[in-house]
$ cat my_file.csv   # CSV, C-alpha atoms
chain,number,residue,atom,x,y,z
A,1,MET,CA,22.3,-21.6,12.6
A,2,GLU,CA,21.4,-25.1,13.5
A,3,LEU,CA,19.2,-23.9,16.4
A,4,VAL,CA,17.3,-21.5,14.2
A,5,PHE,CA,16.9,-24.3,11.6
A,6,TRP,CA,15.4,-26.8,14.0
A,7,THR,CA,13.3,-24.2,15.7
A,8,ALA,CA,11.8,-23.2,12.4
A,9,ILE,CA,11.3,-26.9,11.5
A,10,ALA,CA,9.5,-27.4,14.8
A,11,ILE,CA,7.2,-24.4,14.3
A,12,ILE,CA,6.3,-25.6,10.7
A,13,PHE,CA,5.7,-29.2,11.9
A,14,TYR,CA,3.5,-27.9,14.8
A,15,THR,CA,1.5,-25.7,12.5
A,16,PHE,CA,0.5,-28.3,10.0
A,17,LEU,CA,0.6,-31.6,11.9
A,18,GLY,CA,1.7,-31.1,15.5
A,19,TYR,CA,-1.3,-29.0,16.5
A,20,GLY,CA,-3.7,-31.6,15.1
A,21,ILE,CA,-1.9,-34.4,17.1
A,22,LEU,CA,-2.0,-32.3,20.3
A,23,LEU,CA,-5.6,-31.4,19.7
A,24,TYR,CA,-6.5,-35.0,19.3
A,25,VAL,CA,-4.8,-35.9,22.6
A,26,LEU,CA,-6.5,-33.1,24.4
A,27,VAL,CA,-9.9,-34.2,23.1
A,28,VAL,CA,-9.3,-37.8,24.1
A,29,LEU,CA,-8.4,-36.6,27.6
A,30,LYS,CA,-11.6,-34.5,27.7
A,31,ARG,CA,-13.7,-37.5,26.7
A,32,ILE,CA,-12.1,-39.5,29.6
A,33,PHE,CA,-12.6,-36.9,32.3
A,34,SER,CA,-15.8,-35.2,31.1
A,35,SER,CA,-18.8,-37.1,29.9
A,36,ASN,CA,-21.3,-34.2,30.1
A,37,LYS,CA,-23.1,-33.6,26.9
A,38,THR,CA,-26.1,-31.4,26.4
A,39,PRO,CA,-28.9,-33.6,24.9
A,40,PHE,CA,-30.7,-32.4,21.8
A,41,ASP,CA,-34.4,-31.4,22.2
A,42,PRO,CA,-36.3,-32.9,19.3
A,43,HIS,CA,-39.1,-30.3,19.8
A,44,TYR,CA,-36.8,-27.3,19.8
A,45,CYS,CA,-37.6,-25.3,16.6
A,46,PRO,CA,-36.5,-21.7,16.7
A,47,SER,CA,-37.4,-19.2,14.0
A,48,VAL,CA,-34.8,-19.0,11.3
A,49,THR,CA,-33.9,-16.5,8.5
A,50,PHE,CA,-31.9,-18.1,5.7
A,51,VAL,CA,-29.8,-15.4,3.9
A,52,VAL,CA,-28.0,-15.9,0.6
A,53,PRO,CA,-25.8,-13.1,-0.6
A,54,CYS,CA,-25.4,-13.1,-4.4
A,55,TYR,CA,-23.5,-11.1,-7.0
A,56,ASN,CA,-24.2,-11.9,-10.6
A,57,GLU,CA,-25.2,-15.5,-9.9
A,58,ALA,CA,-27.8,-15.9,-12.6
A,59,ASP,CA,-26.3,-19.2,-13.7
A,60,THR,CA,-26.8,-20.8,-10.3
A,61,VAL,CA,-29.5,-18.8,-8.5
A,62,VAL,CA,-32.5,-20.8,-9.6
A,63,GLN,CA,-30.8,-24.0,-8.5
A,64,LYS,CA,-30.0,-22.4,-5.2
A,65,ILE,CA,-33.6,-21.2,-4.7
A,66,ASN,CA,-35.0,-24.7,-5.4
A,67,ASN,CA,-32.5,-26.1,-2.9
A,68,CYS,CA,-33.6,-23.6,-0.3
A,69,LEU,CA,-37.3,-24.3,-0.9
A,70,ALA,CA,-36.6,-28.0,-0.4
A,71,LEU,CA,-35.1,-27.5,3.0
A,72,ASP,CA,-36.9,-29.6,5.6
A,73,TYR,CA,-37.9,-27.0,8.2
A,74,PRO,CA,-41.4,-25.7,9.3
A,75,LYS,CA,-42.4,-23.1,6.7
A,76,ASP,CA,-43.9,-20.8,9.3
A,77,LYS,CA,-40.6,-20.7,11.1
A,78,LEU,CA,-38.4,-20.1,8.0
A,79,THR,CA,-37.8,-16.9,6.1
A,80,ILE,CA,-35.6,-16.9,3.0
A,81,ILE,CA,-33.8,-13.7,1.9
A,82,PHE,CA,-31.6,-13.3,-1.2
A,83,ILE,CA,-29.4,-10.2,-1.4
A,84,THR,CA,-28.3,-9.1,-4.9
A,85,ASP,CA,-26.6,-5.8,-4.4
A,86,GLY,CA,-24.8,-4.6,-7.5
A,87,SER,CA,-25.9,-7.5,-9.6
A,88,ASN,CA,-26.6,-6.6,-13.3
A,89,ASP,CA,-26.9,-10.0,-14.9
A,90,GLY,CA,-30.7,-10.4,-14.5
A,91,SER,CA,-30.5,-12.5,-11.3
A,92,PRO,CA,-32.8,-10.1,-9.3
A,93,ALA,CA,-35.5,-10.6,-11.9
A,94,LEU,CA,-35.1,-14.4,-11.7
A,95,ILE,CA,-35.5,-14.3,-7.9
A,96,GLN,CA,-38.7,-12.2,-8.2
A,97,GLN,CA,-40.4,-15.1,-9.9
A,98,PHE,CA,-40.4,-16.9,-6.6
A,99,PRO,CA,-43.0,-15.4,-4.2
A,100,ASN,CA,-41.7,-17.3,-1.2
A,101,ILE,CA,-38.3,-15.6,-1.5
A,102,LYS,CA,-37.7,-12.1,-0.1
A,103,LEU,CA,-35.4,-10.1,-2.4
A,104,LEU,CA,-33.2,-7.3,-1.2
A,105,HIS,CA,-31.5,-5.4,-4.0
A,106,SER,CA,-29.5,-2.3,-4.4
A,107,PRO,CA,-27.9,-1.1,-7.6
A,108,HIS,CA,-24.9,-0.1,-5.5
A,109,ARG,CA,-22.2,-2.7,-4.9
A,110,ALA,CA,-20.4,-2.1,-1.6
A,111,GLY,CA,-19.2,-5.6,-0.7
A,112,LYS,CA,-20.6,-8.6,1.1
A,113,ALA,CA,-20.2,-7.2,4.6
A,114,GLU,CA,-22.2,-4.1,3.8
A,115,ALA,CA,-24.9,-6.2,2.1
A,116,GLU,CA,-25.2,-8.5,5.2
A,117,ASN,CA,-25.3,-5.5,7.5
A,118,ARG,CA,-28.3,-4.2,5.5
A,119,ALA,CA,-30.0,-7.5,5.5
A,120,MET,CA,-29.7,-7.9,9.2
A,121,LEU,CA,-31.9,-4.8,9.6
A,122,HIS,CA,-34.8,-6.9,8.2
A,123,ILE,CA,-34.3,-10.0,10.4
A,124,GLN,CA,-36.3,-10.6,13.6
A,125,SER,CA,-35.8,-14.4,13.9
A,126,GLU,CA,-33.9,-16.1,16.7
A,127,ILE,CA,-31.4,-17.6,14.4
A,128,THR,CA,-29.8,-16.3,11.2
A,129,VAL,CA,-28.1,-18.6,8.6
A,130,PHE,CA,-25.8,-17.4,5.9
A,131,SER,CA,-25.1,-19.6,2.8
A,132,ASP,CA,-23.3,-19.0,-0.4
A,133,ALA,CA,-25.2,-19.0,-3.7
A,134,ASN,CA,-23.0,-21.6,-5.4
A,135,THR,CA,-23.5,-24.3,-2.8
A,136,ILE,CA,-26.1,-27.1,-2.4
A,137,LEU,CA,-27.3,-28.2,1.0
A,138,PRO,CA,-28.9,-31.4,2.2
A,139,HIS,CA,-32.6,-31.1,3.1
A,140,ASP,CA,-32.0,-31.4,6.9
A,141,ALA,CA,-29.1,-28.8,7.0
A,142,ILE,CA,-31.1,-26.3,9.1
A,143,GLN,CA,-32.3,-28.8,11.5
A,144,LYS,CA,-28.8,-30.1,12.1
A,145,LEU,CA,-27.5,-26.6,12.7
A,146,VAL,CA,-30.3,-25.2,15.0
A,147,ARG,CA,-30.5,-28.2,17.3
A,148,HIS,CA,-27.4,-27.0,19.1
A,149,TYR,CA,-29.0,-23.7,20.1
A,150,HIS,CA,-31.0,-25.4,22.8
A,151,ASN,CA,-27.8,-24.9,24.8
A,152,PRO,CA,-27.7,-21.2,25.8
A,153,LYS,CA,-23.9,-21.3,25.8
A,154,VAL,CA,-23.8,-21.8,22.0
A,155,GLY,CA,-23.6,-18.6,20.0
A,156,ALA,CA,-22.9,-19.9,16.5
A,157,VAL,CA,-22.8,-23.1,14.6
A,158,ALA,CA,-20.9,-23.7,11.3
A,159,GLY,CA,-21.6,-26.3,8.8
A,160,GLU,CA,-19.0,-28.3,6.8
A,161,LYS,CA,-17.7,-27.4,3.4
A,162,ARG,CA,-17.3,-30.3,1.0
A,163,ILE,CA,-15.7,-30.3,-2.4
A,164,GLN,CA,-17.6,-32.2,-5.1
A,165,PRO,CA,-15.4,-34.9,-6.6
A,166,LYS,CA,-16.0,-34.0,-10.3
A,167,THR,CA,-12.7,-32.2,-10.6
A,168,ALA,CA,-10.7,-34.3,-8.1
A,169,ASP,CA,-8.2,-35.3,-10.7
A,170,GLN,CA,-7.2,-31.7,-11.4
A,171,ALA,CA,-4.6,-29.9,-9.3
A,172,ALA,CA,-7.1,-27.6,-7.8
A,173,GLY,CA,-9.6,-30.4,-7.1
A,174,ALA,CA,-7.1,-32.8,-5.5
A,175,GLY,CA,-5.4,-30.1,-3.4
A,176,GLU,CA,-8.6,-28.3,-2.3
A,177,GLY,CA,-10.4,-31.5,-1.5
A,178,ILE,CA,-7.6,-32.9,0.7
A,179,TYR,CA,-7.1,-29.5,2.3
A,180,TRP,CA,-10.8,-29.3,3.3
A,181,ARG,CA,-10.9,-32.9,4.6
A,182,TYR,CA,-8.0,-32.2,6.9
A,183,GLU,CA,-9.4,-28.8,7.8
A,184,SER,CA,-12.8,-30.4,8.6
A,185,LEU,CA,-11.0,-32.9,10.9
A,186,LEU,CA,-9.3,-30.0,12.8
A,187,LYS,CA,-12.6,-28.2,13.1
A,188,ARG,CA,-14.3,-31.2,14.5
A,189,LEU,CA,-11.6,-31.5,17.2
A,190,ASP,CA,-11.6,-27.8,17.8
A,191,SER,CA,-15.3,-27.8,18.4
A,192,GLU,CA,-15.2,-30.8,20.7
A,193,LEU,CA,-12.4,-29.3,22.7
A,194,HIS,CA,-13.9,-25.9,23.1
A,195,THR,CA,-14.8,-23.8,20.0
A,196,ILE,CA,-13.9,-23.5,16.3
A,197,VAL,CA,-11.7,-20.6,15.3
A,198,GLY,CA,-13.4,-19.1,12.2
A,199,ALA,CA,-16.4,-20.3,10.2
A,200,ALA,CA,-16.6,-20.7,6.5
A,201,GLY,CA,-19.3,-18.6,4.8
A,202,GLU,CA,-20.6,-21.6,2.7
A,203,LEU,CA,-22.9,-22.4,5.7
A,204,PHE,CA,-22.8,-20.5,8.9
A,205,SER,CA,-25.5,-19.8,11.6
A,206,PHE,CA,-25.6,-17.6,14.7
A,207,ARG,CA,-27.9,-16.1,17.3
A,208,THR,CA,-29.4,-13.0,15.7
A,209,SER,CA,-29.1,-11.1,19.0
A,210,LEU,CA,-25.3,-11.5,18.9
A,211,PHE,CA,-24.8,-9.8,15.6
A,212,SER,CA,-22.9,-6.5,15.6
A,213,PRO,CA,-22.5,-4.6,12.3
A,214,ILE,CA,-19.2,-5.5,10.5
A,215,GLU,CA,-16.8,-2.9,9.2
A,216,LYS,CA,-17.8,-2.2,5.5
A,217,ASP,CA,-14.4,-3.0,4.2
A,218,THR,CA,-14.3,-6.4,5.9
A,219,ILE,CA,-12.9,-9.1,3.6
A,220,LEU,CA,-13.7,-12.3,5.7
A,221,ASP,CA,-17.0,-11.4,7.1
A,222,ASP,CA,-17.8,-14.9,8.3
A,223,PHE,CA,-14.5,-15.3,10.1
A,224,ILE,CA,-14.7,-11.9,11.8
A,225,LEU,CA,-18.3,-12.5,12.9
A,226,SER,CA,-17.7,-16.0,14.3
A,227,MET,CA,-14.5,-14.9,16.1
A,228,ARG,CA,-16.2,-11.9,17.7
A,229,ILE,CA,-19.0,-14.2,19.0
A,230,ALA,CA,-16.4,-16.6,20.4
A,231,ALA,CA,-14.6,-13.6,22.1
A,232,LYS,CA,-17.9,-12.7,23.9
A,233,GLY,CA,-17.6,-16.1,25.6
A,234,TYR,CA,-20.0,-18.1,23.5
A,235,LEU,CA,-19.2,-21.4,21.9
A,236,VAL,CA,-18.9,-21.6,18.1
A,237,LEU,CA,-19.6,-25.2,17.2
A,238,TYR,CA,-19.0,-27.3,14.1
A,239,GLU,CA,-21.7,-29.5,12.7
A,240,PRO,CA,-20.4,-31.8,9.9
A,241,GLU,CA,-23.8,-33.3,9.2
A,242,ALA,CA,-24.9,-29.9,8.0
A,243,TYR,CA,-22.7,-29.5,4.9
A,244,ALA,CA,-22.5,-27.3,1.8
A,245,MET,CA,-21.4,-28.9,-1.4
A,246,GLU,CA,-19.5,-27.0,-4.1
A,247,THR,CA,-17.2,-27.8,-7.0
A,248,ALA,CA,-13.5,-27.1,-6.8
A,249,SER,CA,-11.9,-24.2,-8.5
A,250,ALA,CA,-11.7,-24.7,-12.2
A,251,SER,CA,-7.9,-24.3,-12.1
A,252,ILE,CA,-5.0,-23.4,-9.8
A,253,LYS,CA,-5.1,-19.9,-11.3
A,254,GLU,CA,-8.7,-19.5,-10.1
A,255,GLU,CA,-7.9,-21.1,-6.8
A,256,LEU,CA,-4.9,-18.8,-6.3
A,257,LYS,CA,-7.1,-15.8,-6.9
A,258,ARG,CA,-9.4,-17.0,-4.2
A,259,LYS,CA,-6.6,-17.9,-1.8
A,260,VAL,CA,-4.8,-14.6,-2.1
A,261,ARG,CA,-8.0,-12.8,-1.3
A,262,ILE,CA,-8.6,-15.0,1.7
A,263,CYS,CA,-5.1,-14.5,3.0
A,264,ALA,CA,-5.4,-10.7,2.6
A,265,GLY,CA,-8.5,-11.0,4.6
A,266,GLY,CA,-6.7,-13.1,7.2
A,267,TRP,CA,-4.1,-10.4,7.7
A,268,GLN,CA,-6.9,-7.8,8.0
A,269,SER,CA,-8.8,-10.1,10.5
A,270,MET,CA,-5.8,-10.6,12.7
A,271,SER,CA,-5.3,-6.8,12.9
A,272,ARG,CA,-8.9,-6.5,14.1
A,273,LEU,CA,-8.8,-9.4,16.5
A,274,LEU,CA,-5.7,-8.6,18.6
A,275,PRO,CA,-7.6,-8.8,21.9
A,276,ILE,CA,-8.1,-12.5,21.4
A,277,LEU,CA,-4.3,-13.0,21.6
A,278,ASN,CA,-4.6,-12.0,25.3
A,279,PRO,CA,-5.0,-15.3,27.0
A,280,LEU,CA,-6.4,-14.0,30.3
A,281,PRO,CA,-10.1,-13.8,29.4
A,282,ASN,CA,-10.2,-17.1,27.5
A,283,PRO,CA,-6.9,-19.1,27.4
A,284,VAL,CA,-8.3,-22.0,25.4
A,285,LEU,CA,-9.7,-19.7,22.7
A,286,THR,CA,-6.3,-17.9,22.5
A,287,PHE,CA,-4.5,-21.3,22.2
A,288,GLN,CA,-6.7,-22.5,19.4
A,289,TYR,CA,-6.7,-19.2,17.5
A,290,PHE,CA,-2.9,-18.9,17.7
A,291,SER,CA,-2.2,-22.5,16.8
A,292,HIS,CA,-4.8,-23.0,14.1
A,293,ARG,CA,-4.9,-19.6,12.4
A,294,VAL,CA,-2.2,-17.1,13.4
A,295,LEU,CA,0.8,-19.3,12.7
A,296,ARG,CA,-0.5,-20.3,9.3
A,297,TRP,CA,-1.3,-16.7,8.3
A,298,THR,CA,1.9,-15.1,9.5
A,299,ILE,CA,5.4,-16.6,9.9
A,300,VAL,CA,5.2,-20.1,8.5
A,301,PRO,CA,5.5,-19.3,4.8
A,302,PHE,CA,8.6,-17.2,5.6
A,303,LEU,CA,10.0,-20.0,7.7
A,304,LEU,CA,9.7,-22.3,4.8
A,305,MET,CA,12.0,-20.1,2.8
A,306,LEU,CA,14.4,-19.6,5.8
A,307,VAL,CA,14.6,-23.4,6.3
A,308,LEU,CA,15.6,-24.0,2.6
A,309,VAL,CA,18.3,-21.3,2.8
A,310,LEU,CA,19.7,-22.5,6.1
A,311,ASN,CA,19.6,-26.1,4.9
A,312,ILE,CA,21.7,-25.3,1.8
A,313,LEU,CA,24.3,-23.6,4.1
A,314,LEU,CA,24.3,-26.5,6.6
A,315,ALA,CA,24.5,-29.2,3.9
A,316,ILE,CA,28.0,-27.9,2.8
A,317,ASP,CA,29.7,-29.8,5.6
A,318,SER,CA,27.1,-32.3,6.8
A,319,ASN,CA,25.8,-35.5,5.3
A,320,LEU,CA,22.8,-35.4,7.6
A,321,TYR,CA,21.8,-31.9,6.4
A,322,GLY,CA,22.6,-33.1,2.8
A,323,MET,CA,19.9,-35.8,3.1
A,324,ILE,CA,17.4,-33.3,4.6
A,325,LEU,CA,18.1,-31.0,1.7
A,326,LEU,CA,17.5,-33.9,-0.7
A,327,VAL,CA,14.1,-34.4,0.9
A,328,GLN,CA,13.3,-30.7,0.5
A,329,PHE,CA,14.4,-30.7,-3.2
A,330,SER,CA,12.3,-33.8,-3.8
A,331,PHE,CA,9.2,-32.1,-2.3
A,332,TYR,CA,9.7,-28.9,-4.3
A,333,GLY,CA,10.4,-31.1,-7.4
A,334,PHE,CA,7.1,-32.8,-6.9
A,335,ALA,CA,5.4,-29.4,-6.7
A,336,ILE,CA,7.1,-28.4,-10.0
A,337,ILE,CA,5.8,-31.6,-11.7
A,338,GLY,CA,2.4,-30.8,-10.3
A,339,TRP,CA,2.6,-27.4,-11.9
A,340,LEU,CA,3.5,-29.0,-15.2
A,341,LEU,CA,0.6,-31.4,-15.0
A,342,GLU,CA,-1.9,-28.8,-13.9
A,343,ASN,CA,-5.3,-29.5,-15.3
A,344,LYS,CA,-4.1,-32.3,-17.5
A,345,ASN,CA,-6.1,-35.6,-17.5
A,346,ILE,CA,-3.3,-37.4,-15.5
A,347,LYS,CA,-4.3,-38.9,-12.2
A,348,LEU,CA,-1.2,-38.2,-10.1
A,349,LYS,CA,-2.3,-36.5,-6.9
A,350,THR,CA,1.1,-37.2,-5.4
A,351,PHE,CA,2.3,-34.2,-7.4
A,352,PHE,CA,-0.8,-32.0,-7.1
A,353,VAL,CA,-0.8,-31.9,-3.3
A,354,PRO,CA,2.8,-30.5,-2.9
A,355,TYR,CA,1.9,-28.0,-5.6
A,356,TYR,CA,-1.3,-26.9,-3.7
A,357,PHE,CA,0.7,-26.7,-0.5
A,358,LEU,CA,3.1,-24.2,-2.0
A,359,ILE,CA,0.2,-22.2,-3.6
A,360,MET,CA,-1.3,-21.9,-0.1
A,361,ASN,CA,1.8,-20.6,1.4
A,362,TYR,CA,2.6,-18.3,-1.5
A,363,SER,CA,-0.9,-16.9,-1.1
A,364,VAL,CA,-0.1,-15.8,2.5
A,365,ILE,CA,2.8,-13.7,1.3
A,366,ALA,CA,0.9,-12.3,-1.7
A,367,GLY,CA,-2.1,-11.6,0.6
A,368,TYR,CA,0.2,-9.8,3.1
A,369,ILE,CA,1.4,-7.5,0.2
A,370,ARG,CA,-2.1,-6.8,-0.9
A,371,PHE,CA,-3.2,-6.0,2.7
A,372,MET,CA,-0.3,-3.7,3.3
A,373,ASN,CA,-0.9,-1.9,0.0
A,374,GLY,CA,-4.6,-1.7,0.5
A,375,GLN,CA,-5.2,-3.4,-2.8
A,376,GLN,CA,-7.7,-6.0,-1.8
A,377,SER,CA,-11.3,-4.9,-2.2
A,378,ALA,CA,-14.1,-6.1,0.1
A,379,ALA,CA,-16.2,-6.7,-3.0
A,380,TRP,CA,-16.2,-10.4,-3.8
A,381,GLU,CA,-14.7,-11.4,-7.2
A,382,ARG,CA,-16.1,-14.8,-8.3
A,383,SER,CA,-13.7,-17.6,-9.0
A,384,LYS,CA,-14.6,-20.0,-11.8
A,385,ARG,CA,-15.6,-23.4,-10.5
A,386,GLY,CA,-15.1,-26.8,-12.1
A,387,ILE,CA,-18.1,-28.5,-13.8
$ encode --input "my_file.csv" --output "structure tokens"
Amino acid sequence: MELVFWTAIAIIFYTFLGYGILLYVLVVLKRIFSSNKTPFDPHYCPSVTFVVPCYNEADTVVQKINNCLALDYPKDKLTIIFITDGSNDGSPALIQQFPNIKLLHSPHRAGKAEAENRAMLHIQSEITVFSDANTILPHDAIQKLVRHYHNPKVGAVAGEKRIQPKTADQAAGAGEGIYWRYESLLKRLDSELHTIVGAAGELFSFRTSLFSPIEKDTILDDFILSMRIAAKGYLVLYEPEAYAMETASASIKEELKRKVRICAGGWQSMSRLLPILNPLPNPVLTFQYFSHRVLRWTIVPFLLMLVLVLNILLAIDSNLYGMILLVQFSFYGFAIIGWLLENKNIKLKTFFVPYYFLIMNYSVIAGYIRFMNGQQSAAWERSKRGI
């Protein structure tokens, strides 16, 4: 029982902290023994198509269009496409008012993956960039992304997701903001070591020639696409200077809805990316994928429950395990207080972070149930965002 307990503790620690520590050590060693860096070419300016999938985004689409038109990139090298499949809120009509924007619209809503497959048939540029409709980008975002493609080994470049601080004092804002700051750190290290394992759709670019149609029922299209590019032997890099800003979810309820969908997509993605778990073609990619994604999306939430049960049994005859159990109860107690304080104007992030941590791990289990039952649609359901 003790062996199982400490093994589970070790796996949990490695998943959330140990991998980050090991990754940092490996990156430092790489810096010491390898100083080769591909210099940026200031004159490199490939053709780019900027694609924004939308579904009933009438409240944000004009702001997004103005943001796209303000991007600092040669206009003769940049094409902007908005996809509004299934939208019935008037957003297609709003987009048509802008002659510099190409609109692709179908009354049929088949999900984001299918909409992107259809959009790719219209793209001839060297580089394609996907960006969500509810995000705002800095004016030099495209320049920061495409400068990496001067290196022929680079197949995709992902930008950074940043949470606007307006709702940082809410449970969702505090938890989501801290999560993404830590996730961004891991992505920077992953990218420097070899490649990132999964891109966020808020801002993601890739060589158009590397695109292969995605299954229509795909939930995490950006993740699947980036991982398949990495599996082909190309690097998928992370560029934190190209970032997408969005507000946090309006509440934990909205964040939970989003997380469960992502976790259901995680289970689906893992089932379709099984060849990457074979370390022979690319051992570093397998190591990063297993450590950063697979452990989080599979056994860790179940291990958390197992550790609590085993700790209760072991604490019966041991003061040491009794103290460990007290630490566990304190952590879960903080999470309960975070739940009680949710969305109240009380600045106690100490309680919000444990609460968000539990929500994340609960989402993995709920996502697994949805995936197994086939209940998760590929069509995106918008989550309400803070204002």
$ residues_near_point --input "my_file.csv" --point "(9.9, -24.0, 5.5)" --cutoff "9 Å" --atoms "only C-alpha atoms" --output "list of chain:residue names"
A:Ala8, A:Ile9, A:Ile12, A:Val300, A:Pro301, A:Phe302, A:Leu303, A:Leu304, A:Met305, A:Leu306, A:Val307, A:Leu308
$ closest_residue --input "my_file.csv" --among "A:Pro138, A:Gly233, A:Pro213, A:Gly198" --to "Ala115 (chain A)" --atoms "all atoms listed in the file"
A:Pro213
$ residues_around --input "my_file.csv" --residues "Phe371 (chain A)" --least-positions-apart "5" --cutoff "9 Å" --atoms "only C-alpha atoms" --output "MDAnalysis selection string"
chainID A and resid 263:265 267:268 366 376
$ atom_distance --input "my_file.csv" --atom1 "CA of Ile142 (chain A)" --atom2 "CA of Leu203 (chain A)"
9.7 Å
$ closest_residue --input "my_file.csv" --among "A:Lys144, A:His122, A:His105, A:Lys161" --to "Glu239 (chain A)" --atoms "all atoms listed in the file"
A:Lys144
$ closest_residue --input "my_file.csv" --among "A:Ser191, A:Ser125, A:Gln375, A:Asn88" --to "Tyr24 (chain A)" --atoms "only C-alpha atoms"
A:Ser191
$ atom_distance --input "my_file.csv" --atom1 "CA of Arg118 (chain A)" --atom2 "CA of Tyr55 (chain A)"
15.1 Å
